[in-house]
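Content type mmCIF, N, CA and C atoms, from the file coords_30.cif:
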data_upload
#
loop_
_atom_site.group_PDB
_atom_site.id
_atom_site.type_symbol
_atom_site.label_atom_id
_atom_site.label_comp_id
_atom_site.auth_asym_id
_atom_site.auth_seq_id
_atom_site.Cartn_x
_atom_site.Cartn_y
_atom_site.Cartn_z
ATOM 1 N N MET S 161 0.826 -1.209 0.000
ATOM 2 C CA MET S 161 0.000 0.000 0.000
ATOM 3 C C MET S 161 0.860 1.260 0.000
ATOM 4 N N GLU S 162 2.011 1.183 0.645
ATOM 5 C CA GLU S 162 2.889 2.354 0.677
ATOM 6 C C GLU S 162 3.394 2.696 -0.726
ATOM 7 N N LYS S 163 3.714 1.654 -1.519
ATOM 8 C CA LYS S 163 4.183 1.898 -2.880
ATOM 9 C C LYS S 163 3.081 2.522 -3.732
ATOM 10 N N VAL S 164 1.844 2.074 -3.526
ATOM 11 C CA VAL S 164 0.716 2.638 -4.266
ATOM 12 C C VAL S 164 0.549 4.113 -3.909
ATOM 13 N N LYS S 165 0.636 4.442 -2.637
ATOM 14 C CA LYS S 165 0.522 5.844 -2.212
ATOM 15 C C LYS S 165 1.641 6.682 -2.807
ATOM 16 N N LEU S 166 2.865 6.124 -2.810
ATOM 17 C CA LEU S 166 3.999 6.841 -3.369
ATOM 18 C C LEU S 166 3.800 7.093 -4.857
ATOM 19 N N ILE S 167 3.337 6.084 -5.570
ATOM 20 C CA ILE S 167 3.099 6.229 -7.008
ATOM 21 C C ILE S 167 2.032 7.280 -7.274
ATOM 22 N N LYS S 168 0.939 7.260 -6.482
ATOM 23 C CA LYS S 168 -0.121 8.254 -6.652
ATOM 24 C C LYS S 168 0.407 9.670 -6.427
ATOM 25 N N GLU S 169 1.232 9.838 -5.399
ATOM 26 C CA GLU S 169 1.802 11.155 -5.110
ATOM 27 C C GLU S 169 2.707 11.619 -6.247
ATOM 28 N N LEU S 170 3.529 10.702 -6.768
ATOM 29 C CA LEU S 170 4.422 11.057 -7.863
ATOM 30 C C LEU S 170 3.645 11.416 -9.126
ATOM 31 N N LEU S 171 2.577 10.675 -9.410
ATOM 32 C CA LEU S 171 1.728 10.990 -10.560
ATOM 33 C C LEU S 171 1.072 12.352 -10.406
ATOM 34 N N LYS S 172 0.600 12.628 -9.189
ATOM 35 C CA LYS S 172 -0.039 13.915 -8.924
ATOM 36 C C LYS S 172 0.958 15.061 -9.115
ATOM 37 N N THR S 173 2.171 14.857 -8.664
ATOM 38 C CA THR S 173 3.213 15.872 -8.822
ATOM 39 C C THR S 173 3.529 16.090 -10.296
ATOM 40 N N ALA S 174 3.671 15.015 -11.039
ATOM 41 C CA ALA S 174 3.978 15.117 -12.463
ATOM 42 C C ALA S 174 2.845 15.820 -13.217
ATOM 43 N N GLN S 175 1.596 15.477 -12.894
ATOM 44 C CA GLN S 175 0.453 16.116 -13.547
ATOM 45 C C GLN S 175 0.406 17.601 -13.235
ATOM 46 N N SER S 176 0.689 17.939 -11.997
ATOM 47 C CA SER S 176 0.691 19.344 -11.596
ATOM 48 C C SER S 176 1.783 20.115 -12.344
ATOM 49 N N ARG S 177 2.941 19.501 -12.473
ATOM 50 C CA ARG S 177 4.048 20.140 -13.182
ATOM 51 C C ARG S 177 3.685 20.341 -14.657
ATOM 52 N N GLN S 178 3.116 19.331 -15.290
ATOM 53 C CA GLN S 178 2.723 19.452 -16.690
ATOM 54 C C GLN S 178 1.662 20.538 -16.883
ATOM 55 N N LYS S 179 0.705 20.607 -15.937
ATOM 56 C CA LYS S 179 -0.342 21.624 -16.024
ATOM 57 C C LYS S 179 0.267 23.023 -15.923
ATOM 58 N N SER S 180 1.230 23.194 -15.013
ATOM 59 C CA SER S 180 1.836 24.517 -14.868
ATOM 60 C C SER S 180 2.618 24.900 -16.124
ATOM 61 N N TYR S 181 3.261 23.934 -16.789
ATOM 62 C CA TYR S 181 3.963 24.223 -18.041
ATOM 63 C C TYR S 181 2.983 24.650 -19.128
ATOM 64 N N SER S 182 1.874 23.945 -19.247
ATOM 65 C CA SER S 182 0.920 24.265 -20.310
ATOM 66 C C SER S 182 0.165 25.555 -20.020
ATOM 67 N N ASP S 183 -0.070 25.865 -18.746
ATOM 68 C CA ASP S 183 -0.799 27.089 -18.400
ATOM 69 C C ASP S 183 -0.018 28.341 -18.806
ATOM 70 N N VAL S 184 1.309 28.259 -18.826
ATOM 71 C CA VAL S 184 2.125 29.412 -19.201
ATOM 72 C C VAL S 184 1.857 29.800 -20.653
ATOM 73 N N HIS S 185 1.655 28.803 -21.513
ATOM 74 C CA HIS S 185 1.469 29.057 -22.939
ATOM 75 C C HIS S 185 0.012 29.238 -23.334
ATOM 76 N N ARG S 186 -0.892 28.984 -22.449
ATOM 77 C CA ARG S 186 -2.319 29.074 -22.769
ATOM 78 C C ARG S 186 -2.848 30.455 -22.392
ATOM 79 N N ARG S 187 -3.714 30.953 -23.245
ATOM 80 C CA ARG S 187 -4.353 32.236 -22.940
ATOM 81 C C ARG S 187 -5.785 32.199 -23.464
ATOM 82 N N ASP S 188 -6.646 32.877 -22.786
ATOM 83 C CA ASP S 188 -8.034 32.956 -23.213
ATOM 84 C C ASP S 188 -8.135 33.924 -24.388
ATOM 85 N N LEU S 189 -8.870 33.504 -25.395
ATOM 86 C CA LEU S 189 -9.048 34.339 -26.568
ATOM 87 C C LEU S 189 -10.477 34.844 -26.621
ATOM 88 N N GLU S 190 -10.608 36.112 -26.911
ATOM 89 C CA GLU S 190 -11.924 36.696 -27.097
ATOM 90 C C GLU S 190 -11.927 37.444 -28.419
ATOM 91 N N PHE S 191 -12.996 37.257 -29.166
ATOM 92 C CA PHE S 191 -13.108 37.917 -30.458
ATOM 93 C C PHE S 191 -14.334 38.805 -30.475
ATOM 94 N N LYS S 192 -14.215 39.869 -31.254
ATOM 95 C CA LYS S 192 -15.339 40.776 -31.436
ATOM 96 C C LYS S 192 -15.823 40.640 -32.867
ATOM 97 N N GLU S 193 -16.989 41.160 -33.104
ATOM 98 C CA GLU S 193 -17.515 41.163 -34.460
ATOM 99 C C GLU S 193 -16.575 41.956 -35.358
ATOM 100 N N ASP S 194 -16.372 41.467 -36.570
ATOM 101 C CA ASP S 194 -15.478 42.068 -37.567
ATOM 102 C C ASP S 194 -13.998 41.821 -37.296
ATOM 103 N N ASP S 195 -13.640 41.003 -36.294
ATOM 104 C CA ASP S 195 -12.242 40.619 -36.094
ATOM 105 C C ASP S 195 -11.846 39.620 -37.172
ATOM 106 N N TRP S 196 -10.581 39.694 -37.587
ATOM 107 C CA TRP S 196 -10.052 38.742 -38.556
ATOM 108 C C TRP S 196 -9.292 37.663 -37.785
ATOM 109 N N VAL S 197 -9.577 36.417 -38.099
ATOM 110 C CA VAL S 197 -8.875 35.314 -37.436
ATOM 111 C C VAL S 197 -8.445 34.297 -38.490
ATOM 112 N N PHE S 198 -7.410 33.548 -38.190
ATOM 113 C CA PHE S 198 -6.952 32.466 -39.047
ATOM 114 C C PHE S 198 -7.373 31.149 -38.424
ATOM 115 N N LEU S 199 -7.957 30.288 -39.236
ATOM 116 C CA LEU S 199 -8.372 28.976 -38.771
ATOM 117 C C LEU S 199 -7.481 27.922 -39.404
ATOM 118 N N LYS S 200 -7.114 26.926 -38.615
ATOM 119 C CA LYS S 200 -6.331 25.823 -39.145
ATOM 120 C C LYS S 200 -7.297 24.716 -39.555
ATOM 121 N N VAL S 201 -7.212 24.303 -40.791
ATOM 122 C CA VAL S 201 -8.074 23.234 -41.278
ATOM 123 C C VAL S 201 -7.216 22.126 -41.876
ATOM 124 N N SER S 202 -7.729 20.924 -41.850
ATOM 125 C CA SER S 202 -7.035 19.790 -42.439
ATOM 126 C C SER S 202 -7.722 19.417 -43.745
ATOM 127 N N PRO S 203 -6.947 19.195 -44.780
ATOM 128 C CA PRO S 203 -7.571 18.799 -46.047
ATOM 129 C C PRO S 203 -8.147 17.394 -45.945
ATOM 130 N N MET S 204 -9.215 17.148 -46.670
ATOM 131 C CA MET S 204 -9.850 15.837 -46.670
ATOM 132 C C MET S 204 -9.767 15.258 -48.072
ATOM 133 N N LYS S 205 -9.636 13.929 -48.142
ATOM 134 C CA LYS S 205 -9.512 13.259 -49.439
ATOM 135 C C LYS S 205 -10.862 13.147 -50.152
ATOM 136 N N GLU S 206 -11.923 12.695 -49.429
ATOM 137 C CA GLU S 206 -13.209 12.520 -50.082
ATOM 138 C C GLU S 206 -14.094 13.733 -49.849
ATOM 139 N N ALA S 207 -15.059 13.998 -50.795
ATOM 140 C CA ALA S 207 -16.013 15.091 -50.620
ATOM 141 C C ALA S 207 -17.107 14.607 -49.668
ATOM 142 N N ILE S 208 -17.559 15.495 -48.778
ATOM 143 C CA ILE S 208 -18.586 15.129 -47.807
ATOM 144 C C ILE S 208 -19.890 15.782 -48.220
ATOM 145 N N GLU S 209 -20.934 14.974 -48.293
ATOM 146 C CA GLU S 209 -22.255 15.507 -48.602
ATOM 147 C C GLU S 209 -22.959 15.849 -47.295
ATOM 148 N N VAL S 210 -23.318 17.103 -47.160
ATOM 149 C CA VAL S 210 -23.948 17.601 -45.945
ATOM 150 C C VAL S 210 -25.442 17.745 -46.201
ATOM 151 N N ASN S 211 -26.258 17.276 -45.237
ATOM 152 C CA ASN S 211 -27.708 17.391 -45.418
ATOM 153 C C ASN S 211 -28.201 18.763 -44.946
ATOM 154 N N GLY S 212 -29.492 18.961 -44.937
ATOM 155 C CA GLY S 212 -30.081 20.244 -44.581
ATOM 156 C C GLY S 212 -29.815 20.690 -43.158
ATOM 157 N N GLU S 213 -29.536 19.745 -42.278
ATOM 158 C CA GLU S 213 -29.240 20.082 -40.878
ATOM 159 C C GLU S 213 -27.751 20.293 -40.635
ATOM 160 N N LEU S 214 -26.988 20.403 -41.731
ATOM 161 C CA LEU S 214 -25.535 20.580 -41.694
ATOM 162 C C LEU S 214 -24.829 19.443 -40.959
ATOM 163 N N THR S 215 -25.314 18.227 -41.154
ATOM 164 C CA THR S 215 -24.664 17.041 -40.616
ATOM 165 C C THR S 215 -24.446 16.064 -41.759
ATOM 166 N N TYR S 216 -23.644 15.051 -41.516
ATOM 167 C CA TYR S 216 -23.434 14.025 -42.521
ATOM 168 C C TYR S 216 -23.361 12.662 -41.834
ATOM 169 N N GLU S 217 -23.625 11.635 -42.601
ATOM 170 C CA GLU S 217 -23.620 10.288 -42.047
ATOM 171 C C GLU S 217 -22.267 9.641 -42.317
ATOM 172 N N GLU S 218 -21.665 9.102 -41.261
ATOM 173 C CA GLU S 218 -20.406 8.380 -41.418
ATOM 174 C C GLU S 218 -20.682 7.037 -42.081
ATOM 175 N N ILE S 219 -19.806 6.640 -42.994
ATOM 176 C CA ILE S 219 -19.954 5.363 -43.676
ATOM 177 C C ILE S 219 -18.798 4.469 -43.272
ATOM 178 N N LEU S 220 -19.131 3.280 -42.794
ATOM 179 C CA LEU S 220 -18.126 2.335 -42.340
ATOM 180 C C LEU S 220 -17.412 1.727 -43.546
ATOM 181 N N ILE S 221 -16.080 1.760 -43.518
ATOM 182 C CA ILE S 221 -15.279 1.210 -44.605
ATOM 183 C C ILE S 221 -14.802 -0.195 -44.255
ATOM 184 N N ALA S 222 -14.249 -0.353 -43.047
ATOM 185 C CA ALA S 222 -13.690 -1.652 -42.670
ATOM 186 C C ALA S 222 -13.644 -1.789 -41.159
ATOM 187 N N ILE S 223 -13.618 -3.033 -40.727
ATOM 188 C CA ILE S 223 -13.407 -3.343 -39.311
ATOM 189 C C ILE S 223 -11.955 -3.778 -39.188
ATOM 190 N N LEU S 224 -11.176 -3.026 -38.405
ATOM 191 C CA LEU S 224 -9.740 -3.256 -38.323
ATOM 192 C C LEU S 224 -9.339 -4.239 -37.238
ATOM 193 N N ASP S 225 -10.091 -4.274 -36.145
ATOM 194 C CA ASP S 225 -9.695 -5.104 -35.014
ATOM 195 C C ASP S 225 -10.911 -5.416 -34.161
ATOM 196 N N LYS S 226 -10.789 -6.431 -33.330
ATOM 197 C CA LYS S 226 -11.862 -6.799 -32.406
ATOM 198 C C LYS S 226 -11.230 -7.044 -31.042
ATOM 199 N N GLN S 227 -11.916 -6.596 -29.988
ATOM 200 C CA GLN S 227 -11.386 -6.760 -28.644
ATOM 201 C C GLN S 227 -12.542 -6.919 -27.667
ATOM 202 N N VAL S 228 -12.318 -7.720 -26.640
ATOM 203 C CA VAL S 228 -13.326 -7.915 -25.601
ATOM 204 C C VAL S 228 -12.812 -7.241 -24.333
ATOM 205 N N TRP S 229 -13.561 -6.254 -23.878
ATOM 206 C CA TRP S 229 -13.207 -5.532 -22.655
ATOM 207 C C TRP S 229 -13.833 -6.266 -21.480
ATOM 208 N N LYS S 230 -13.046 -6.630 -20.500
ATOM 209 C CA LYS S 230 -13.548 -7.365 -19.345
ATOM 210 C C LYS S 230 -13.712 -6.407 -18.171
ATOM 211 N N LEU S 231 -14.956 -6.271 -17.740
ATOM 212 C CA LEU S 231 -15.250 -5.469 -16.560
ATOM 213 C C LEU S 231 -15.397 -6.419 -15.383
ATOM 214 N N ARG S 232 -15.864 -5.937 -14.279
ATOM 215 C CA ARG S 232 -15.963 -6.783 -13.086
ATOM 216 C C ARG S 232 -16.729 -8.074 -13.330
ATOM 217 N N ASN S 233 -17.947 -7.953 -13.794
ATOM 218 C CA ASN S 233 -18.744 -9.164 -13.978
ATOM 219 C C ASN S 233 -19.452 -9.214 -15.330
ATOM 220 N N LYS S 234 -18.881 -8.518 -16.334
ATOM 221 C CA LYS S 234 -19.423 -8.658 -17.678
ATOM 222 C C LYS S 234 -18.346 -8.332 -18.693
ATOM 223 N N GLU S 235 -18.581 -8.785 -19.908
ATOM 224 C CA GLU S 235 -17.645 -8.552 -20.989
ATOM 225 C C GLU S 235 -18.328 -7.751 -22.094
ATOM 226 N N ILE S 236 -17.588 -6.805 -22.656
ATOM 227 C CA ILE S 236 -18.129 -5.967 -23.723
ATOM 228 C C ILE S 236 -17.258 -6.155 -24.958
ATOM 229 N N ALA S 237 -17.876 -6.641 -26.035
ATOM 230 C CA ALA S 237 -17.153 -6.831 -27.290
ATOM 231 C C ALA S 237 -17.159 -5.527 -28.067
ATOM 232 N N SER S 238 -15.970 -5.126 -28.528
ATOM 233 C CA SER S 238 -15.838 -3.897 -29.302
ATOM 234 C C SER S 238 -15.076 -4.181 -30.587
ATOM 235 N N VAL S 239 -15.327 -3.363 -31.583
ATOM 236 C CA VAL S 239 -14.610 -3.456 -32.849
ATOM 237 C C VAL S 239 -14.019 -2.089 -33.192
ATOM 238 N N LYS S 240 -12.839 -2.116 -33.789
ATOM 239 C CA LYS S 240 -12.194 -0.884 -34.217
ATOM 240 C C LYS S 240 -12.635 -0.613 -35.648
ATOM 241 N N VAL S 241 -13.261 0.531 -35.857
ATOM 242 C CA VAL S 241 -13.938 0.834 -37.113
ATOM 243 C C VAL S 241 -13.218 1.958 -37.855
ATOM 244 N N LEU S 242 -12.991 1.729 -39.149
ATOM 245 C CA LEU S 242 -12.444 2.763 -40.019
ATOM 246 C C LEU S 242 -13.602 3.393 -40.781
ATOM 247 N N TRP S 243 -13.754 4.719 -40.641
ATOM 248 C CA TRP S 243 -14.842 5.439 -41.291
ATOM 249 C C TRP S 243 -14.360 6.037 -42.602
ATOM 250 N N GLN S 244 -15.272 6.378 -43.468
ATOM 251 C CA GLN S 244 -14.964 6.800 -44.836
ATOM 252 C C GLN S 244 -14.061 8.025 -44.907
ATOM 253 N N ASN S 245 -14.349 9.067 -44.203
ATOM 254 C CA ASN S 245 -13.622 10.333 -44.343
ATOM 255 C C ASN S 245 -12.522 10.513 -43.311
ATOM 256 N N GLN S 246 -11.992 9.414 -42.772
ATOM 257 C CA GLN S 246 -10.972 9.520 -41.740
ATOM 258 C C GLN S 246 -9.779 8.630 -42.060
ATOM 259 N N GLN S 247 -8.665 8.950 -41.448
ATOM 260 C CA GLN S 247 -7.441 8.172 -41.612
ATOM 261 C C GLN S 247 -7.468 6.971 -40.664
ATOM 262 N N VAL S 248 -6.556 6.030 -40.867
ATOM 263 C CA VAL S 248 -6.482 4.838 -40.016
ATOM 264 C C VAL S 248 -6.216 5.237 -38.562
ATOM 265 N N GLU S 249 -5.422 6.278 -38.352
ATOM 266 C CA GLU S 249 -5.106 6.732 -36.987
ATOM 267 C C GLU S 249 -6.343 7.241 -36.251
ATOM 268 N N GLU S 250 -7.368 7.632 -36.993
ATOM 269 C CA GLU S 250 -8.581 8.181 -36.390
ATOM 270 C C GLU S 250 -9.690 7.151 -36.238
ATOM 271 N N ALA S 251 -9.376 5.862 -36.444
ATOM 272 C CA ALA S 251 -10.377 4.802 -36.293
ATOM 273 C C ALA S 251 -10.872 4.784 -34.851
ATOM 274 N N THR S 252 -12.144 4.433 -34.666
ATOM 275 C CA THR S 252 -12.746 4.476 -33.337
ATOM 276 C C THR S 252 -13.188 3.095 -32.883
ATOM 277 N N TRP S 253 -13.232 2.902 -31.577
ATOM 278 C CA TRP S 253 -13.751 1.664 -30.993
ATOM 279 C C TRP S 253 -15.250 1.828 -30.793
ATOM 280 N N GLU S 254 -16.012 0.911 -31.341
ATOM 281 C CA GLU S 254 -17.467 0.949 -31.243
ATOM 282 C C GLU S 254 -17.963 -0.380 -30.684
ATOM 283 N N ALA S 255 -19.142 -0.366 -30.081
ATOM 284 C CA ALA S 255 -19.739 -1.589 -29.550
ATOM 285 C C ALA S 255 -20.077 -2.530 -30.709
ATOM 286 N N GLU S 256 -19.624 -3.776 -30.593
ATOM 287 C CA GLU S 256 -19.843 -4.742 -31.664
ATOM 288 C C GLU S 256 -21.333 -4.973 -31.915
ATOM 289 N N GLU S 257 -22.115 -4.998 -30.864
ATOM 290 C CA GLU S 257 -23.554 -5.235 -30.983
ATOM 291 C C GLU S 257 -24.220 -4.155 -31.844
ATOM 292 N N GLU S 258 -23.859 -2.899 -31.613
ATOM 293 C CA GLU S 258 -24.437 -1.799 -32.388
ATOM 294 C C GLU S 258 -24.004 -1.860 -33.853
ATOM 295 N N MET S 259 -22.751 -2.213 -34.077
ATOM 296 C CA MET S 259 -22.254 -2.301 -35.449
ATOM 297 C C MET S 259 -22.908 -3.464 -36.199
ATOM 298 N N LYS S 260 -23.191 -4.553 -35.497
ATOM 299 C CA LYS S 260 -23.869 -5.688 -36.145
ATOM 300 C C LYS S 260 -25.284 -5.310 -36.560
ATOM 301 N N LYS S 261 -25.944 -4.456 -35.760
ATOM 302 C CA LYS S 261 -27.297 -4.020 -36.113
ATOM 303 C C LYS S 261 -27.284 -3.202 -37.401
ATOM 304 N N LYS S 262 -26.299 -2.319 -37.545
ATOM 305 C CA LYS S 262 -26.258 -1.423 -38.694
ATOM 306 C C LYS S 262 -25.571 -2.043 -39.909
ATOM 307 N N TYR S 263 -24.513 -2.813 -39.667
ATOM 308 C CA TYR S 263 -23.685 -3.335 -40.759
ATOM 309 C C TYR S 263 -23.516 -4.840 -40.631
ATOM 310 N N ASN S 264 -24.600 -5.568 -40.600
ATOM 311 C CA ASN S 264 -24.576 -7.026 -40.395
ATOM 312 C C ASN S 264 -23.776 -7.741 -41.490
ATOM 313 N N HIS S 265 -23.806 -7.224 -42.720
ATOM 314 C CA HIS S 265 -23.118 -7.865 -43.836
ATOM 315 C C HIS S 265 -21.607 -7.950 -43.651
ATOM 316 N N LEU S 266 -21.024 -7.074 -42.824
ATOM 317 C CA LEU S 266 -19.577 -7.094 -42.597
ATOM 318 C C LEU S 266 -19.162 -8.164 -41.583
ATOM 319 N N PHE S 267 -20.098 -8.717 -40.866
ATOM 320 C CA PHE S 267 -19.783 -9.697 -39.827
ATOM 321 C C PHE S 267 -20.015 -11.136 -40.289
ATOM 322 N N GLU S 268 -20.426 -11.336 -41.519
ATOM 323 C CA GLU S 268 -20.727 -12.692 -42.008
ATOM 324 C C GLU S 268 -19.476 -13.393 -42.502
#
Just dump the structure as structure tokens.
Amino acid sequence: MEKVKLIKELLKTAQSRQKSYSDVHRRDLEFKEDDWVFLKVSPMKEAIEVNGELTYEEILIAILDKQVWKLRNKEIASVKVLWQNQQVEEATWEAEEEMKKKYNHLFE
């Protein structure tokens, strides 16, 4: 238990130090009407069709991995999903049950 307490204290110290480093470089930004600002955007490979509500539907391209998360007294199956307009690094973990409901053909 003493080692656990020591580790927790060291983690807390490290987190505090990192926060103080980042706080030095962070500043609150406020803009007024007619202010000019530069936005950083990332280029996308595919064109996205936006509906009337300014949203779009993600399309599943592939299932990259499968994993079972073990909790105290239950297991949750998850799949790593690659979406159409995203890179492999941006793949997300989704519940396998939900993906089977929407994309059953990929699980056969």
Among listed residues S:Tyr263, S:Glu190, S:Val184, S:Glu256, nearest Val228 of chain S (using only C-alpha atoms) =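 Selected residue with least distance to Val228 of chain S: S:Glu256.
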Using the file's own x, y and z axes, what box holds all listed atoms of segment 250-268 of chain S with 8 Å on each side, keeping edges along x, y and z, and what are its centre and edge lengths in Å to one decimal, as lines of an AutoDock Vina configuration file?
center_x = -17.3
center_y = -2.6
center_z = -36.7
size_x = 35.9
size_y = 37.6
size_z = 30.3
Would you please work out which residue, of S:Lys168, S:Leu266, S:Gln244, S:Phe198, is nearest to Glu217 of chain S when using all atoms listed in the file?
->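 Of the candidates, the smallest distance to Glu217 of chain S is held by S:Gln244.
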Skipping near chain neighbours, those fewer than 5 positions away, what residues fall within 12 Å of segment 238-241 of chain S using only C-alpha atoms, listed as an MDAnalysis selection string?
-> chainID S and resid 218:230 246:260 263 266:267
Write out as a PyMOL selection string all residues of chain S that DSSP puts in helix (DSSP H, G or I) for this structure's backbone.
-> chain S and resi 162-185+248-250+256-262+264-267
May I ask for the distance between atom N of Lys165 of chain S and atom C of Lys179 of chain S, given in Å to one decimal place?
->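 Spanning atom N of Lys165 of chain S to atom C of Lys179 of chain S is a straight-line distance of 22.8 Å.
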What is the distance between atom CA of Ile167 of chain S and atom C of Arg232 of chain S, in Å to one decimal?
->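 Result for atom CA of Ile167 of chain S versus atom C of Arg232 of chain S: 25.3 Å, one decimal.
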At what distance in Å, to one decimal, does atom CA of Glu213 of chain S lie from atom N of Glu193 of chain S?
-> 25.6 Å
Give me, as a compact mmCIF listing (two decimals) with N, CA and C atoms, in the coordinates of the input, the residues of segment 172-265 of chain S that a backbone DSSP run labels strand (DSSP E).
# COMPACT_ATOMS: atom_id res chain seq x y z
N LEU S 220 -19.13 3.28 -42.79
CA LEU S 220 -18.13 2.34 -42.34
C LEU S 220 -17.41 1.73 -43.55
N ILE S 221 -16.08 1.76 -43.52
CA ILE S 221 -15.28 1.21 -44.60
C ILE S 221 -14.80 -0.20 -44.26
N ALA S 222 -14.25 -0.35 -43.05
CA ALA S 222 -13.69 -1.65 -42.67
C ALA S 222 -13.64 -1.79 -41.16
N ILE S 223 -13.62 -3.03 -40.73
CA ILE S 223 -13.41 -3.34 -39.31
C ILE S 223 -11.96 -3.78 -39.19
N LEU S 224 -11.18 -3.03 -38.40
CA LEU S 224 -9.74 -3.26 -38.32
C LEU S 224 -9.34 -4.24 -37.24
N ASP S 225 -10.09 -4.27 -36.15
CA ASP S 225 -9.70 -5.10 -35.01
C ASP S 225 -10.91 -5.42 -34.16
N LYS S 226 -10.79 -6.43 -33.33
CA LYS S 226 -11.86 -6.80 -32.41
C LYS S 226 -11.23 -7.04 -31.04
N GLN S 227 -11.92 -6.60 -29.99
CA GLN S 227 -11.39 -6.76 -28.64
C GLN S 227 -12.54 -6.92 -27.67
N VAL S 228 -12.32 -7.72 -26.64
CA VAL S 228 -13.33 -7.92 -25.60
C VAL S 228 -12.81 -7.24 -24.33
N TRP S 229 -13.56 -6.25 -23.88
CA TRP S 229 -13.21 -5.53 -22.66
C TRP S 229 -13.83 -6.27 -21.48
N LYS S 230 -13.05 -6.63 -20.50
CA LYS S 230 -13.55 -7.36 -19.34
C LYS S 230 -13.71 -6.41 -18.17
N GLU S 235 -18.58 -8.78 -19.91
CA GLU S 235 -17.64 -8.55 -20.99
C GLU S 235 -18.33 -7.75 -22.09
N ILE S 236 -17.59 -6.80 -22.66
CA ILE S 236 -18.13 -5.97 -23.72
C ILE S 236 -17.26 -6.16 -24.96
N ALA S 237 -17.88 -6.64 -26.04
CA ALA S 237 -17.15 -6.83 -27.29
C ALA S 237 -17.16 -5.53 -28.07
N SER S 238 -15.97 -5.13 -28.53
CA SER S 238 -15.84 -3.90 -29.30
C SER S 238 -15.08 -4.18 -30.59
N VAL S 239 -15.33 -3.36 -31.58
CA VAL S 239 -14.61 -3.46 -32.85
C VAL S 239 -14.02 -2.09 -33.19
N LYS S 240 -12.84 -2.12 -33.79
CA LYS S 240 -12.19 -0.88 -34.22
C LYS S 240 -12.64 -0.61 -35.65
N VAL S 241 -13.26 0.53 -35.86
CA VAL S 241 -13.94 0.83 -37.11
C VAL S 241 -13.22 1.96 -37.85
N LEU S 242 -12.99 1.73 -39.15
CA LEU S 242 -12.44 2.76 -40.02
C LEU S 242 -13.60 3.39 -40.78
N TRP S 243 -13.75 4.72 -40.64
CA TRP S 243 -14.84 5.44 -41.29
C TRP S 243 -14.36 6.04 -42.60
N THR S 252 -12.14 4.43 -34.67
CA THR S 252 -12.75 4.48 -33.34
C THR S 252 -13.19 3.10 -32.88
N TRP S 253 -13.23 2.90 -31.58
CA TRP S 253 -13.75 1.66 -30.99
C TRP S 253 -15.25 1.83 -30.79
N GLU S 254 -16.01 0.91 -31.34
CA GLU S 254 -17.47 0.95 -31.24
C GLU S 254 -17.96 -0.38 -30.68
N ALA S 255 -19.14 -0.37 -30.08
CA ALA S 255 -19.74 -1.59 -29.55
C ALA S 255 -20.08 -2.53 -30.71
For segment 165-178 of chain S of the block above, can you save N, CA and C atoms as an mmCIF file, in the first residue's frame?
data_model
loop_
_atom_site.group_PDB
_atom_site.id
_atom_site.type_symbol
_atom_site.label_atom_id
_atom_site.label_comp_id
_atom_site.auth_asym_id
_atom_site.auth_seq_id
_atom_site.Cartn_x
_atom_site.Cartn_y
_atom_site.Cartn_z
ATOM 1 N N LYS S 165 0.636 4.442 -2.637
ATOM 2 C CA LYS S 165 0.522 5.844 -2.212
ATOM 3 C C LYS S 165 1.641 6.682 -2.807
ATOM 4 N N LEU S 166 2.865 6.124 -2.810
ATOM 5 C CA LEU S 166 3.999 6.841 -3.369
ATOM 6 C C LEU S 166 3.800 7.093 -4.857
ATOM 7 N N ILE S 167 3.337 6.084 -5.570
ATOM 8 C CA ILE S 167 3.099 6.229 -7.008
ATOM 9 C C ILE S 167 2.032 7.280 -7.274
ATOM 10 N N LYS S 168 0.939 7.260 -6.482
ATOM 11 C CA LYS S 168 -0.121 8.254 -6.652
ATOM 12 C C LYS S 168 0.407 9.670 -6.427
ATOM 13 N N GLU S 169 1.232 9.838 -5.399
ATOM 14 C CA GLU S 169 1.802 11.155 -5.110
ATOM 15 C C GLU S 169 2.707 11.619 -6.247
ATOM 16 N N LEU S 170 3.529 10.702 -6.768
ATOM 17 C CA LEU S 170 4.422 11.057 -7.863
ATOM 18 C C LEU S 170 3.645 11.416 -9.126
ATOM 19 N N LEU S 171 2.577 10.675 -9.410
ATOM 20 C CA LEU S 171 1.728 10.990 -10.560
ATOM 21 C C LEU S 171 1.072 12.352 -10.406
ATOM 22 N N LYS S 172 0.600 12.628 -9.189
ATOM 23 C CA LYS S 172 -0.039 13.915 -8.924
ATOM 24 C C LYS S 172 0.958 15.061 -9.115
ATOM 25 N N THR S 173 2.171 14.857 -8.664
ATOM 26 C CA THR S 173 3.213 15.872 -8.822
ATOM 27 C C THR S 173 3.529 16.090 -10.296
ATOM 28 N N ALA S 174 3.671 15.015 -11.039
ATOM 29 C CA ALA S 174 3.978 15.117 -12.463
ATOM 30 C C ALA S 174 2.845 15.820 -13.217
ATOM 31 N N GLN S 175 1.596 15.477 -12.894
ATOM 32 C CA GLN S 175 0.453 16.116 -13.547
ATOM 33 C C GLN S 175 0.406 17.601 -13.235
ATOM 34 N N SER S 176 0.689 17.939 -11.997
ATOM 35 C CA SER S 176 0.691 19.344 -11.596
ATOM 36 C C SER S 176 1.783 20.115 -12.344
ATOM 37 N N ARG S 177 2.941 19.501 -12.473
ATOM 38 C CA ARG S 177 4.048 20.140 -13.182
ATOM 39 C C ARG S 177 3.685 20.341 -14.657
ATOM 40 N N GLN S 178 3.116 19.331 -15.290
ATOM 41 C CA GLN S 178 2.723 19.452 -16.690
ATOM 42 C C GLN S 178 1.662 20.538 -16.883
#
